[in-house]
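Visitor: Have a peek at start.txt (compact mmCIF, N, CA and C atoms).
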# COMPACT_ATOMS: atom_id res chain seq x y z
N MET N 1 97.61 126.13 171.06
CA MET N 1 96.60 125.14 170.69
C MET N 1 96.22 124.38 171.95
N LEU N 2 94.93 124.20 172.15
CA LEU N 2 94.42 123.42 173.27
C LEU N 2 94.11 122.02 172.80
N SER N 3 94.15 121.08 173.71
CA SER N 3 93.74 119.72 173.36
C SER N 3 92.95 119.12 174.50
N VAL N 4 92.08 118.21 174.11
CA VAL N 4 91.30 117.41 175.05
C VAL N 4 91.56 115.97 174.66
N GLU N 5 91.91 115.16 175.63
CA GLU N 5 92.22 113.76 175.34
C GLU N 5 91.54 112.89 176.39
N ILE N 6 90.79 111.90 175.90
CA ILE N 6 90.05 111.01 176.79
C ILE N 6 90.25 109.58 176.31
N ALA N 7 90.49 108.69 177.25
CA ALA N 7 90.55 107.25 176.97
C ALA N 7 89.50 106.58 177.85
N ARG N 8 88.86 105.57 177.30
CA ARG N 8 87.81 104.88 178.04
C ARG N 8 87.76 103.42 177.63
N ARG N 9 87.62 102.54 178.60
CA ARG N 9 87.40 101.12 178.32
C ARG N 9 85.91 100.94 178.00
N ILE N 10 85.65 100.30 176.87
CA ILE N 10 84.28 100.05 176.42
C ILE N 10 84.05 98.54 176.49
N ALA N 11 82.93 98.14 177.06
CA ALA N 11 82.62 96.72 177.24
C ALA N 11 82.01 96.13 175.97
N ALA N 12 82.81 96.14 174.91
CA ALA N 12 82.40 95.55 173.63
C ALA N 12 83.66 95.29 172.82
N PRO N 13 83.64 94.28 171.94
CA PRO N 13 84.80 94.01 171.09
C PRO N 13 85.14 95.23 170.21
N ALA N 14 86.41 95.40 169.94
CA ALA N 14 86.87 96.54 169.15
C ALA N 14 86.19 96.61 167.78
N ASP N 15 86.06 95.46 167.11
CA ASP N 15 85.44 95.48 165.78
C ASP N 15 83.99 95.93 165.83
N LYS N 16 83.28 95.57 166.89
CA LYS N 16 81.88 95.98 167.03
C LYS N 16 81.80 97.49 167.26
N ALA N 17 82.66 98.02 168.13
CA ALA N 17 82.68 99.47 168.38
C ALA N 17 83.06 100.21 167.11
N TRP N 18 84.04 99.66 166.36
CA TRP N 18 84.52 100.31 165.15
C TRP N 18 83.42 100.44 164.10
N GLU N 19 82.47 99.51 164.06
CA GLU N 19 81.37 99.60 163.10
C GLU N 19 80.66 100.95 163.22
N PHE N 20 80.52 101.46 164.43
CA PHE N 20 79.87 102.76 164.64
C PHE N 20 80.86 103.91 164.45
N ILE N 21 82.04 103.79 165.06
CA ILE N 21 83.02 104.88 165.06
C ILE N 21 83.56 105.12 163.66
N GLY N 22 83.81 104.08 162.90
CA GLY N 22 84.38 104.20 161.57
C GLY N 22 83.41 104.68 160.51
N ASP N 23 82.13 104.85 160.87
CA ASP N 23 81.11 105.32 159.93
C ASP N 23 81.10 106.85 159.94
N PHE N 24 81.84 107.46 159.05
CA PHE N 24 81.99 108.91 159.01
C PHE N 24 80.67 109.64 158.83
N SER N 25 79.71 109.00 158.19
CA SER N 25 78.43 109.66 157.93
C SER N 25 77.35 109.28 158.94
N GLY N 26 77.71 108.51 159.95
CA GLY N 26 76.73 108.05 160.93
C GLY N 26 76.18 109.17 161.80
N ASN N 27 74.98 108.94 162.31
CA ASN N 27 74.36 109.96 163.15
C ASN N 27 74.00 109.45 164.55
N ILE N 28 74.27 108.20 164.83
CA ILE N 28 73.90 107.62 166.12
C ILE N 28 74.77 108.18 167.25
N LEU N 29 76.05 108.34 167.02
CA LEU N 29 76.98 108.70 168.10
C LEU N 29 76.97 110.18 168.45
N THR N 30 76.35 111.01 167.63
CA THR N 30 76.34 112.45 167.88
C THR N 30 75.01 112.96 168.44
N ARG N 31 74.15 112.05 168.82
CA ARG N 31 72.86 112.46 169.39
C ARG N 31 73.09 113.28 170.66
N GLY N 32 72.30 114.33 170.80
CA GLY N 32 72.42 115.18 171.97
C GLY N 32 73.14 116.48 171.69
N TYR N 33 73.90 116.53 170.61
CA TYR N 33 74.52 117.80 170.23
C TYR N 33 74.47 118.05 168.73
N VAL N 34 74.15 117.02 167.95
CA VAL N 34 73.96 117.16 166.50
C VAL N 34 72.56 116.67 166.16
N ALA N 35 71.80 117.52 165.49
CA ALA N 35 70.43 117.16 165.12
C ALA N 35 70.39 116.28 163.88
N ARG N 36 71.33 116.52 162.96
CA ARG N 36 71.32 115.79 161.69
C ARG N 36 72.71 115.81 161.09
N VAL N 37 73.07 114.72 160.40
CA VAL N 37 74.37 114.61 159.72
C VAL N 37 74.11 114.42 158.23
N GLU N 38 74.83 115.19 157.41
CA GLU N 38 74.79 115.01 155.96
C GLU N 38 76.22 114.74 155.50
N ALA N 39 76.40 113.73 154.67
CA ALA N 39 77.73 113.39 154.17
C ALA N 39 77.78 113.58 152.66
N THR N 40 78.94 114.04 152.19
CA THR N 40 79.19 114.22 150.77
C THR N 40 80.50 113.53 150.44
N GLY N 41 80.47 112.62 149.47
CA GLY N 41 81.67 111.91 149.07
C GLY N 41 81.91 110.69 149.94
N ARG N 42 82.97 109.95 149.58
CA ARG N 42 83.34 108.73 150.30
C ARG N 42 84.85 108.69 150.45
N GLY N 43 85.30 108.07 151.51
CA GLY N 43 86.73 107.93 151.73
C GLY N 43 87.40 109.23 152.11
N ILE N 44 88.75 109.21 152.08
CA ILE N 44 89.52 110.40 152.44
C ILE N 44 89.06 111.57 151.58
N GLY N 45 88.82 112.70 152.23
CA GLY N 45 88.32 113.88 151.54
C GLY N 45 86.82 114.07 151.64
N ALA N 46 86.10 113.03 152.07
CA ALA N 46 84.65 113.15 152.24
C ALA N 46 84.35 114.25 153.25
N LEU N 47 83.20 114.86 153.10
CA LEU N 47 82.77 115.91 154.01
C LEU N 47 81.52 115.47 154.76
N ARG N 48 81.42 115.91 156.01
CA ARG N 48 80.16 115.71 156.74
C ARG N 48 79.77 117.04 157.36
N THR N 49 78.49 117.33 157.23
CA THR N 49 77.94 118.53 157.82
C THR N 49 77.16 118.13 159.05
N TYR N 50 77.55 118.69 160.17
CA TYR N 50 76.82 118.51 161.42
C TYR N 50 75.88 119.70 161.57
N HIS N 51 74.58 119.42 161.54
CA HIS N 51 73.58 120.43 161.84
C HIS N 51 73.39 120.37 163.34
N LEU N 52 73.89 121.39 164.02
CA LEU N 52 73.92 121.38 165.48
C LEU N 52 72.52 121.46 166.07
N ASP N 53 72.34 120.80 167.18
CA ASP N 53 71.05 120.75 167.86
C ASP N 53 70.64 122.17 168.25
N PRO N 54 69.39 122.55 167.95
CA PRO N 54 68.92 123.89 168.34
C PRO N 54 69.04 124.15 169.85
N ALA N 55 69.00 123.11 170.65
CA ALA N 55 69.12 123.27 172.10
C ALA N 55 70.47 123.83 172.50
N ILE N 56 71.49 123.67 171.63
CA ILE N 56 72.81 124.23 171.95
C ILE N 56 73.14 125.41 171.03
N GLY N 57 72.13 125.95 170.37
CA GLY N 57 72.33 127.16 169.57
C GLY N 57 72.17 127.00 168.08
N GLY N 58 72.10 125.77 167.58
CA GLY N 58 71.89 125.54 166.16
C GLY N 58 73.10 125.91 165.31
N GLY N 59 72.85 126.06 164.01
CA GLY N 59 73.92 126.32 163.06
C GLY N 59 74.47 125.01 162.53
N SER N 60 75.54 125.09 161.77
CA SER N 60 76.15 123.88 161.24
C SER N 60 77.66 124.07 161.10
N VAL N 61 78.37 122.94 161.13
CA VAL N 61 79.82 122.91 160.93
C VAL N 61 80.10 121.80 159.93
N VAL N 62 81.25 121.88 159.26
CA VAL N 62 81.63 120.88 158.28
C VAL N 62 83.00 120.33 158.64
N GLU N 63 83.11 119.00 158.59
CA GLU N 63 84.38 118.32 158.83
C GLU N 63 84.78 117.52 157.60
N ARG N 64 86.11 117.41 157.38
CA ARG N 64 86.65 116.63 156.27
C ARG N 64 87.38 115.42 156.85
N LEU N 65 87.12 114.25 156.27
CA LEU N 65 87.80 113.03 156.66
C LEU N 65 89.24 113.09 156.14
N ILE N 66 90.21 113.00 157.06
CA ILE N 66 91.61 113.08 156.65
C ILE N 66 92.37 111.78 156.91
N GLU N 67 91.77 110.89 157.70
CA GLU N 67 92.43 109.62 158.01
C GLU N 67 91.35 108.57 158.26
N LEU N 68 91.51 107.41 157.66
CA LEU N 68 90.60 106.30 157.91
C LEU N 68 91.37 105.01 157.69
N ASP N 69 91.60 104.29 158.77
CA ASP N 69 92.35 103.05 158.72
C ASP N 69 91.51 101.98 159.41
N ASN N 70 90.88 101.12 158.61
CA ASN N 70 90.00 100.09 159.15
C ASN N 70 90.76 98.95 159.82
N VAL N 71 92.05 98.80 159.52
CA VAL N 71 92.85 97.76 160.17
C VAL N 71 93.27 98.22 161.56
N GLU N 72 93.79 99.44 161.65
CA GLU N 72 94.21 99.99 162.95
C GLU N 72 93.05 100.64 163.71
N ARG N 73 91.90 100.74 163.05
CA ARG N 73 90.69 101.34 163.63
C ARG N 73 90.95 102.78 164.07
N VAL N 74 91.35 103.61 163.11
CA VAL N 74 91.66 105.01 163.35
C VAL N 74 90.85 105.87 162.39
N ILE N 75 90.28 106.94 162.91
CA ILE N 75 89.59 107.92 162.08
C ILE N 75 90.05 109.31 162.52
N GLY N 76 90.33 110.17 161.54
CA GLY N 76 90.76 111.53 161.81
C GLY N 76 90.02 112.50 160.92
N TYR N 77 89.79 113.70 161.43
CA TYR N 77 89.00 114.68 160.70
C TYR N 77 89.41 116.09 161.10
N ASP N 78 89.30 117.02 160.16
CA ASP N 78 89.54 118.44 160.36
C ASP N 78 88.24 119.19 160.15
N MET N 79 88.03 120.24 160.89
CA MET N 79 86.88 121.10 160.67
C MET N 79 87.26 122.09 159.58
N VAL N 80 86.44 122.19 158.54
CA VAL N 80 86.73 123.08 157.42
C VAL N 80 85.74 124.23 157.31
N ASP N 81 84.66 124.19 158.09
CA ASP N 81 83.71 125.31 158.22
C ASP N 81 83.25 125.30 159.67
N TYR N 82 83.59 126.35 160.39
CA TYR N 82 83.35 126.41 161.83
C TYR N 82 81.95 126.83 162.22
N GLY N 83 81.17 127.35 161.24
CA GLY N 83 79.83 127.79 161.59
C GLY N 83 79.89 128.75 162.77
N PRO N 84 79.05 128.53 163.80
CA PRO N 84 79.02 129.45 164.93
C PRO N 84 80.06 129.18 166.01
N LEU N 85 80.89 128.16 165.85
CA LEU N 85 81.80 127.77 166.92
C LEU N 85 82.99 128.73 167.04
N PRO N 86 83.39 129.05 168.26
CA PRO N 86 84.43 130.07 168.49
C PRO N 86 85.85 129.51 168.59
N TRP N 87 86.22 128.65 167.64
CA TRP N 87 87.59 128.13 167.62
C TRP N 87 88.07 127.98 166.19
N ALA N 88 89.36 127.75 166.05
CA ALA N 88 89.98 127.54 164.74
C ALA N 88 90.93 126.37 164.87
N GLY N 89 91.43 125.88 163.73
CA GLY N 89 92.42 124.82 163.74
C GLY N 89 91.93 123.53 164.36
N TYR N 90 90.62 123.27 164.29
CA TYR N 90 90.05 122.09 164.97
C TYR N 90 90.41 120.81 164.23
N ARG N 91 90.87 119.82 165.00
CA ARG N 91 91.22 118.50 164.46
C ARG N 91 90.84 117.46 165.50
N GLY N 92 90.33 116.33 165.04
CA GLY N 92 89.99 115.22 165.94
C GLY N 92 90.54 113.91 165.41
N ARG N 93 90.84 113.02 166.34
CA ARG N 93 91.34 111.69 165.96
C ARG N 93 90.86 110.69 167.00
N ILE N 94 90.32 109.57 166.53
CA ILE N 94 89.82 108.51 167.41
C ILE N 94 90.51 107.21 167.00
N GLN N 95 90.89 106.43 168.00
CA GLN N 95 91.42 105.09 167.75
C GLN N 95 90.75 104.12 168.71
N VAL N 96 90.47 102.92 168.20
CA VAL N 96 89.88 101.84 168.99
C VAL N 96 90.86 100.68 168.97
N VAL N 97 91.26 100.21 170.16
CA VAL N 97 92.24 99.13 170.28
C VAL N 97 91.63 98.02 171.13
N PRO N 98 91.76 96.77 170.71
CA PRO N 98 91.23 95.67 171.52
C PRO N 98 91.82 95.67 172.93
N ALA N 99 90.97 95.28 173.88
CA ALA N 99 91.39 95.08 175.28
C ALA N 99 90.84 93.71 175.68
N GLY N 100 91.37 92.68 175.02
CA GLY N 100 90.82 91.34 175.17
C GLY N 100 89.70 91.14 174.17
N PRO N 101 89.06 89.95 174.19
CA PRO N 101 88.05 89.65 173.18
C PRO N 101 86.72 90.37 173.38
N ASP N 102 86.44 90.86 174.59
CA ASP N 102 85.12 91.40 174.88
C ASP N 102 85.13 92.87 175.28
N ALA N 103 86.25 93.55 175.06
CA ALA N 103 86.35 94.97 175.43
C ALA N 103 87.33 95.66 174.50
N CYS N 104 87.31 96.98 174.56
CA CYS N 104 88.25 97.77 173.77
C CYS N 104 88.56 99.06 174.49
N MET N 105 89.66 99.68 174.06
CA MET N 105 90.03 100.99 174.56
C MET N 105 89.67 102.01 173.49
N PHE N 106 88.87 102.97 173.87
CA PHE N 106 88.48 104.08 173.02
C PHE N 106 89.37 105.26 173.41
N HIS N 107 90.05 105.85 172.42
CA HIS N 107 90.95 106.97 172.68
C HIS N 107 90.64 108.08 171.69
N ILE N 108 90.34 109.25 172.21
CA ILE N 108 90.05 110.40 171.34
C ILE N 108 90.91 111.58 171.76
N ARG N 109 91.35 112.33 170.76
CA ARG N 109 92.07 113.58 170.99
C ARG N 109 91.47 114.63 170.08
N THR N 110 91.09 115.76 170.65
CA THR N 110 90.68 116.92 169.86
C THR N 110 91.67 118.04 170.13
N GLN N 111 91.91 118.85 169.12
CA GLN N 111 92.81 119.99 169.23
C GLN N 111 92.15 121.19 168.57
N PHE N 112 92.34 122.36 169.15
CA PHE N 112 91.75 123.56 168.59
C PHE N 112 92.39 124.80 169.21
N ILE N 113 92.18 125.93 168.55
CA ILE N 113 92.67 127.21 169.03
C ILE N 113 91.45 128.08 169.31
N PRO N 114 91.27 128.54 170.55
CA PRO N 114 90.14 129.42 170.84
C PRO N 114 90.32 130.78 170.16
N VAL N 115 89.26 131.30 169.59
CA VAL N 115 89.31 132.64 169.01
C VAL N 115 89.54 133.66 170.13
N ASP N 116 88.90 133.44 171.26
CA ASP N 116 89.09 134.29 172.45
C ASP N 116 89.79 133.45 173.51
N PRO N 117 91.06 133.70 173.77
CA PRO N 117 91.79 132.88 174.75
C PRO N 117 91.13 132.84 176.13
N ASP N 118 90.35 133.86 176.46
CA ASP N 118 89.66 133.86 177.75
C ASP N 118 88.60 132.77 177.84
N GLN N 119 88.23 132.18 176.71
CA GLN N 119 87.23 131.11 176.68
C GLN N 119 87.86 129.72 176.69
N SER N 120 89.16 129.64 176.89
CA SER N 120 89.86 128.36 176.78
C SER N 120 89.22 127.25 177.61
N GLU N 121 89.00 127.49 178.88
CA GLU N 121 88.45 126.43 179.74
C GLU N 121 87.01 126.12 179.38
N GLU N 122 86.25 127.12 179.01
CA GLU N 122 84.86 126.89 178.58
C GLU N 122 84.82 126.00 177.33
N LEU N 123 85.73 126.25 176.39
CA LEU N 123 85.75 125.46 175.16
C LEU N 123 86.27 124.05 175.41
N ARG N 124 87.22 123.91 176.32
CA ARG N 124 87.64 122.55 176.71
C ARG N 124 86.45 121.80 177.30
N GLY N 125 85.67 122.49 178.11
CA GLY N 125 84.48 121.87 178.70
C GLY N 125 83.46 121.47 177.65
N LEU N 126 83.28 122.32 176.64
CA LEU N 126 82.37 122.00 175.54
C LEU N 126 82.83 120.75 174.82
N SER N 127 84.13 120.69 174.50
CA SER N 127 84.68 119.53 173.81
C SER N 127 84.51 118.27 174.67
N ARG N 128 84.87 118.36 175.95
CA ARG N 128 84.72 117.20 176.85
C ARG N 128 83.27 116.75 176.93
N GLY N 129 82.36 117.70 177.05
CA GLY N 129 80.94 117.36 177.14
C GLY N 129 80.45 116.63 175.90
N ASN N 130 80.85 117.10 174.73
CA ASN N 130 80.45 116.44 173.48
C ASN N 130 81.05 115.04 173.40
N ILE N 131 82.30 114.89 173.82
CA ILE N 131 82.94 113.57 173.80
C ILE N 131 82.22 112.63 174.76
N GLU N 132 81.85 113.10 175.93
CA GLU N 132 81.14 112.24 176.88
C GLU N 132 79.79 111.80 176.32
N LYS N 133 79.09 112.70 175.61
CA LYS N 133 77.83 112.32 174.96
C LYS N 133 78.09 111.27 173.88
N TYR N 134 79.15 111.46 173.11
CA TYR N 134 79.53 110.53 172.05
C TYR N 134 79.79 109.14 172.64
N ILE N 135 80.54 109.08 173.73
CA ILE N 135 80.85 107.80 174.38
C ILE N 135 79.58 107.17 174.94
N ALA N 136 78.74 107.96 175.58
CA ALA N 136 77.48 107.42 176.12
C ALA N 136 76.61 106.86 174.98
N ASN N 137 76.57 107.56 173.85
CA ASN N 137 75.82 107.08 172.70
C ASN N 137 76.41 105.79 172.15
N LEU N 138 77.75 105.70 172.13
CA LEU N 138 78.42 104.47 171.67
C LEU N 138 78.06 103.31 172.59
N GLU N 139 78.17 103.51 173.89
CA GLU N 139 77.85 102.46 174.83
C GLU N 139 76.38 102.02 174.72
N ALA N 140 75.49 102.98 174.53
CA ALA N 140 74.07 102.63 174.36
C ALA N 140 73.86 101.82 173.08
N ALA N 141 74.50 102.24 171.98
CA ALA N 141 74.36 101.52 170.70
C ALA N 141 74.89 100.11 170.80
N LEU N 142 75.93 99.93 171.61
CA LEU N 142 76.56 98.61 171.78
C LEU N 142 75.87 97.76 172.84
N GLY N 143 74.97 98.39 173.58
CA GLY N 143 74.33 97.67 174.69
C GLY N 143 75.31 97.43 175.81
N ALA N 144 76.33 98.27 175.92
CA ALA N 144 77.37 98.10 176.93
C ALA N 144 77.01 98.83 178.23
Would you mind writing the structure in this file as structure tokens?

Guide:
Amino acid sequence: MLSVEIARRIAAPADKAWEFIGDFSGNILTRGYVARVEATGRGIGALRTYHLDPAIGGGSVVERLIELDNVERVIGYDMVDYGPLPWAGYRGRIQVVPAGPDACMFHIRTQFIPVDPDQSEELRGLSRGNIEKYIANLEAALGA
């Protein structure tokens, strides 16, 4: 299993960042790699379908919410339909922790198994690139 883990200081209060991150059906943070988000259900077990941006090949994937803690500011999800993506066992988890009153630490970990082990580094790069877009979108939404 491969993993990608990134931590970043965000120049915004944790609760403000969490408003975007904790919204499982939100579409602001996935701009640049997801064209549209559709959510079904609420709370643990809810599903979201990411309709991937045609610029990166299109298609869709589905994730299930497996963890949501608004006190600890943690969200976790498993991919339950991989669509065109060449990996299996995909899981993601994000936590937001205060770093003083005006900043927070954003921590994300993704884990997955490449279908073709020869693509391991390419898939790590894909995951990192999507996370960097997500963080840039978060910072833009926060005005940070």

Visitor: If you measure from atom CA of N:Pro13 to atom CA of N:Ile44, what distance in Å do you get, rounded to one decimal?

Guide: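 For atom CA of N:Pro13 relative to atom CA of N:Ile44, the distance reads 25.3 Å.
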
Visitor: May I have a table of the residues of stretch 3-54 of chain N lying at most 8 Å from stretch 75-97 of chain N, giving each one's closest pair of atoms and their distance in Å to one decimal, counting all atoms listed in the file, ordered by chain and ascending residue number, as a tab-separated table?

Guide:
residue	atom	partner	partner_atom	distance
N:Pro13	C	N:Val97	C	7.1
N:Ala14	CA	N:Val97	C	5.4
N:Asp15	N	N:Val97	C	7.3
N:Ala17	C	N:Val96	CA	7.3
N:Trp18	N	N:Val96	CA	6.8
N:Ile21	C	N:Ile75	CA	6.8
N:Gly22	CA	N:Ile75	CA	6.4

Visitor: Could you give me, as a PyMOL selection string, the residues that sit within 6.5 Å of (69.8, 120.1, 170.0) in the file's coordinates, counting all atoms listed in the file?

Guide: chain N and resi 32-35+52-57

Visitor: List the neighbours of N:Ala136 out to 12 Å using only C-alpha atoms; skip same-chain residues closer than 6 positions along the sequence, and give me the result as a JSON list (two decimals) with N, CA and C atoms, in the frame of the given file.

Guide:
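What follows is the written file around-v2.json:
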[["chain", "number", "residue", "atom", "x", "y", "z"],
["N", 8, "ARG", "N", 88.86, 105.57, 177.30],
["N", 8, "ARG", "CA", 87.81, 104.88, 178.04],
["N", 8, "ARG", "C", 87.76, 103.42, 177.63],
["N", 9, "ARG", "N", 87.62, 102.54, 178.60],
["N", 9, "ARG", "CA", 87.40, 101.12, 178.32],
["N", 9, "ARG", "C", 85.91, 100.94, 178.00],
["N", 10, "ILE", "N", 85.65, 100.30, 176.87],
["N", 10, "ILE", "CA", 84.28, 100.05, 176.42],
["N", 10, "ILE", "C", 84.05, 98.54, 176.49],
["N", 11, "ALA", "N", 82.93, 98.14, 177.06],
["N", 11, "ALA", "CA", 82.62, 96.72, 177.24],
["N", 11, "ALA", "C", 82.01, 96.13, 175.97],
["N", 28, "ILE", "N", 74.27, 108.20, 164.83],
["N", 28, "ILE", "CA", 73.90, 107.62, 166.12],
["N", 28, "ILE", "C", 74.77, 108.18, 167.25],
["N", 29, "LEU", "N", 76.05, 108.34, 167.02],
["N", 29, "LEU", "CA", 76.98, 108.70, 168.10],
["N", 29, "LEU", "C", 76.97, 110.18, 168.45],
["N", 30, "THR", "N", 76.35, 111.01, 167.63],
["N", 30, "THR", "CA", 76.34, 112.45, 167.88],
["N", 30, "THR", "C", 75.01, 112.96, 168.44],
["N", 31, "ARG", "N", 74.15, 112.05, 168.82],
["N", 31, "ARG", "CA", 72.86, 112.46, 169.39],
["N", 31, "ARG", "C", 73.09, 113.28, 170.66],
["N", 32, "GLY", "N", 72.30, 114.33, 170.80],
["N", 32, "GLY", "CA", 72.42, 115.18, 171.97],
["N", 32, "GLY", "C", 73.14, 116.48, 171.69],
["N", 106, "PHE", "N", 88.87, 102.97, 173.87],
["N", 106, "PHE", "CA", 88.48, 104.08, 173.02],
["N", 106, "PHE", "C", 89.37, 105.26, 173.41],
["N", 129, "GLY", "N", 82.36, 117.70, 177.05],
["N", 129, "GLY", "CA", 80.94, 117.36, 177.14],
["N", 129, "GLY", "C", 80.45, 116.63, 175.90],
["N", 130, "ASN", "N", 80.85, 117.10, 174.73],
["N", 130, "ASN", "CA", 80.45, 116.44, 173.48],
["N", 130, "ASN", "C", 81.05, 115.04, 173.40],
["N", 142, "LEU", "N", 75.93, 99.93, 171.61],
["N", 142, "LEU", "CA", 76.56, 98.61, 171.78],
["N", 142, "LEU", "C", 75.87, 97.76, 172.84],
["N", 143, "GLY", "N", 74.97, 98.39, 173.58],
["N", 143, "GLY", "CA", 74.33, 97.67, 174.69],
["N", 143, "GLY", "C", 75.31, 97.43, 175.81],
["N", 144, "ALA", "N", 76.33, 98.27, 175.92],
["N", 144, "ALA", "CA", 77.37, 98.10, 176.93],
["N", 144, "ALA", "C", 77.01, 98.83, 178.23]]

Visitor: Around all of stretch 11-24 of chain N's listed atoms, make the axis-aligned box with 5 Å on each side and tell me centre and edge lengths in Å to one decimal, as lines of an AutoDock Vina configuration file.

Guide:
center_x = 83.4
center_y = 101.8
center_z = 168.0
size_x = 17.0
size_y = 25.6
size_z = 28.4

Visitor: Going by DSSP on the backbone, which residues of chain N come out as strand (DSSP E)? List them as an MDAnalysis selection string.

Guide: chainID N and resid 2:10 34:40 47:52 60:69 74:81 87:98 104:114

Visitor: Complete the atom set of stretch 121-128 of chain N to all heavy atoms and return it as an mmCIF file, in the coordinates of the input.

Guide:
data_model
loop_
_atom_site.group_PDB
_atom_site.id
_atom_site.type_symbol
_atom_site.label_atom_id
_atom_site.label_comp_id
_atom_site.auth_asym_id
_atom_site.auth_seq_id
_atom_site.Cartn_x
_atom_site.Cartn_y
_atom_site.Cartn_z
ATOM 1 N N GLU N 121 89.000 127.490 178.880
ATOM 2 C CA GLU N 121 88.450 126.430 179.740
ATOM 3 C C GLU N 121 87.010 126.120 179.380
ATOM 4 O O GLU N 121 86.587 124.960 179.427
ATOM 5 C CB GLU N 121 88.610 126.787 181.212
ATOM 6 C CG GLU N 121 90.046 126.701 181.682
ATOM 7 C CD GLU N 121 90.750 125.401 181.269
ATOM 8 O OE1 GLU N 121 90.212 124.307 181.536
ATOM 9 O OE2 GLU N 121 91.846 125.486 180.665
ATOM 10 N N GLU N 122 86.250 127.120 179.010
ATOM 11 C CA GLU N 122 84.860 126.890 178.580
ATOM 12 C C GLU N 122 84.820 126.000 177.330
ATOM 13 O O GLU N 122 84.011 125.076 177.232
ATOM 14 C CB GLU N 122 84.189 128.235 178.289
ATOM 15 C CG GLU N 122 82.762 128.122 177.806
ATOM 16 C CD GLU N 122 82.160 129.471 177.451
ATOM 17 O OE1 GLU N 122 82.710 130.518 177.854
ATOM 18 O OE2 GLU N 122 81.133 129.454 176.749
ATOM 19 N N LEU N 123 85.730 126.250 176.390
ATOM 20 C CA LEU N 123 85.750 125.460 175.160
ATOM 21 C C LEU N 123 86.270 124.050 175.410
ATOM 22 O O LEU N 123 85.800 123.099 174.791
ATOM 23 C CB LEU N 123 86.577 126.168 174.085
ATOM 24 C CG LEU N 123 85.969 127.487 173.602
ATOM 25 C CD1 LEU N 123 86.875 128.159 172.589
ATOM 26 C CD2 LEU N 123 84.579 127.280 173.049
ATOM 27 N N ARG N 124 87.220 123.910 176.320
ATOM 28 C CA ARG N 124 87.640 122.550 176.710
ATOM 29 C C ARG N 124 86.450 121.800 177.300
ATOM 30 O O ARG N 124 86.250 120.626 177.026
ATOM 31 C CB ARG N 124 88.764 122.615 177.743
ATOM 32 C CG ARG N 124 90.129 122.727 177.169
ATOM 33 C CD ARG N 124 91.167 122.460 178.260
ATOM 34 N NE ARG N 124 92.475 122.465 177.697
ATOM 35 C CZ ARG N 124 93.456 123.254 178.105
ATOM 36 N NH1 ARG N 124 93.280 124.088 179.104
ATOM 37 N NH2 ARG N 124 94.633 123.183 177.525
ATOM 38 N N GLY N 125 85.670 122.490 178.110
ATOM 39 C CA GLY N 125 84.480 121.870 178.700
ATOM 40 C C GLY N 125 83.460 121.470 177.650
ATOM 41 O O GLY N 125 82.844 120.404 177.734
ATOM 42 N N LEU N 126 83.280 122.320 176.640
ATOM 43 C CA LEU N 126 82.370 122.000 175.540
ATOM 44 C C LEU N 126 82.830 120.750 174.820
ATOM 45 O O LEU N 126 82.050 119.834 174.552
ATOM 46 C CB LEU N 126 82.265 123.183 174.577
ATOM 47 C CG LEU N 126 81.459 122.951 173.301
ATOM 48 C CD1 LEU N 126 79.995 122.694 173.628
ATOM 49 C CD2 LEU N 126 81.595 124.151 172.369
ATOM 50 N N SER N 127 84.130 120.690 174.500
ATOM 51 C CA SER N 127 84.680 119.530 173.810
ATOM 52 C C SER N 127 84.510 118.270 174.670
ATOM 53 O O SER N 127 84.057 117.231 174.189
ATOM 54 C CB SER N 127 86.145 119.760 173.456
ATOM 55 O OG SER N 127 86.658 118.677 172.717
ATOM 56 N N ARG N 128 84.870 118.360 175.950
ATOM 57 C CA ARG N 128 84.720 117.200 176.850
ATOM 58 C C ARG N 128 83.270 116.750 176.930
ATOM 59 O O ARG N 128 82.988 115.545 176.910
ATOM 60 C CB ARG N 128 85.212 117.556 178.256
ATOM 61 C CG ARG N 128 86.675 117.459 178.426
ATOM 62 C CD ARG N 128 87.063 117.603 179.913
ATOM 63 N NE ARG N 128 88.463 117.878 180.009
ATOM 64 C CZ ARG N 128 88.987 119.085 180.208
ATOM 65 N NH1 ARG N 128 88.220 120.134 180.375
ATOM 66 N NH2 ARG N 128 90.288 119.227 180.266
#
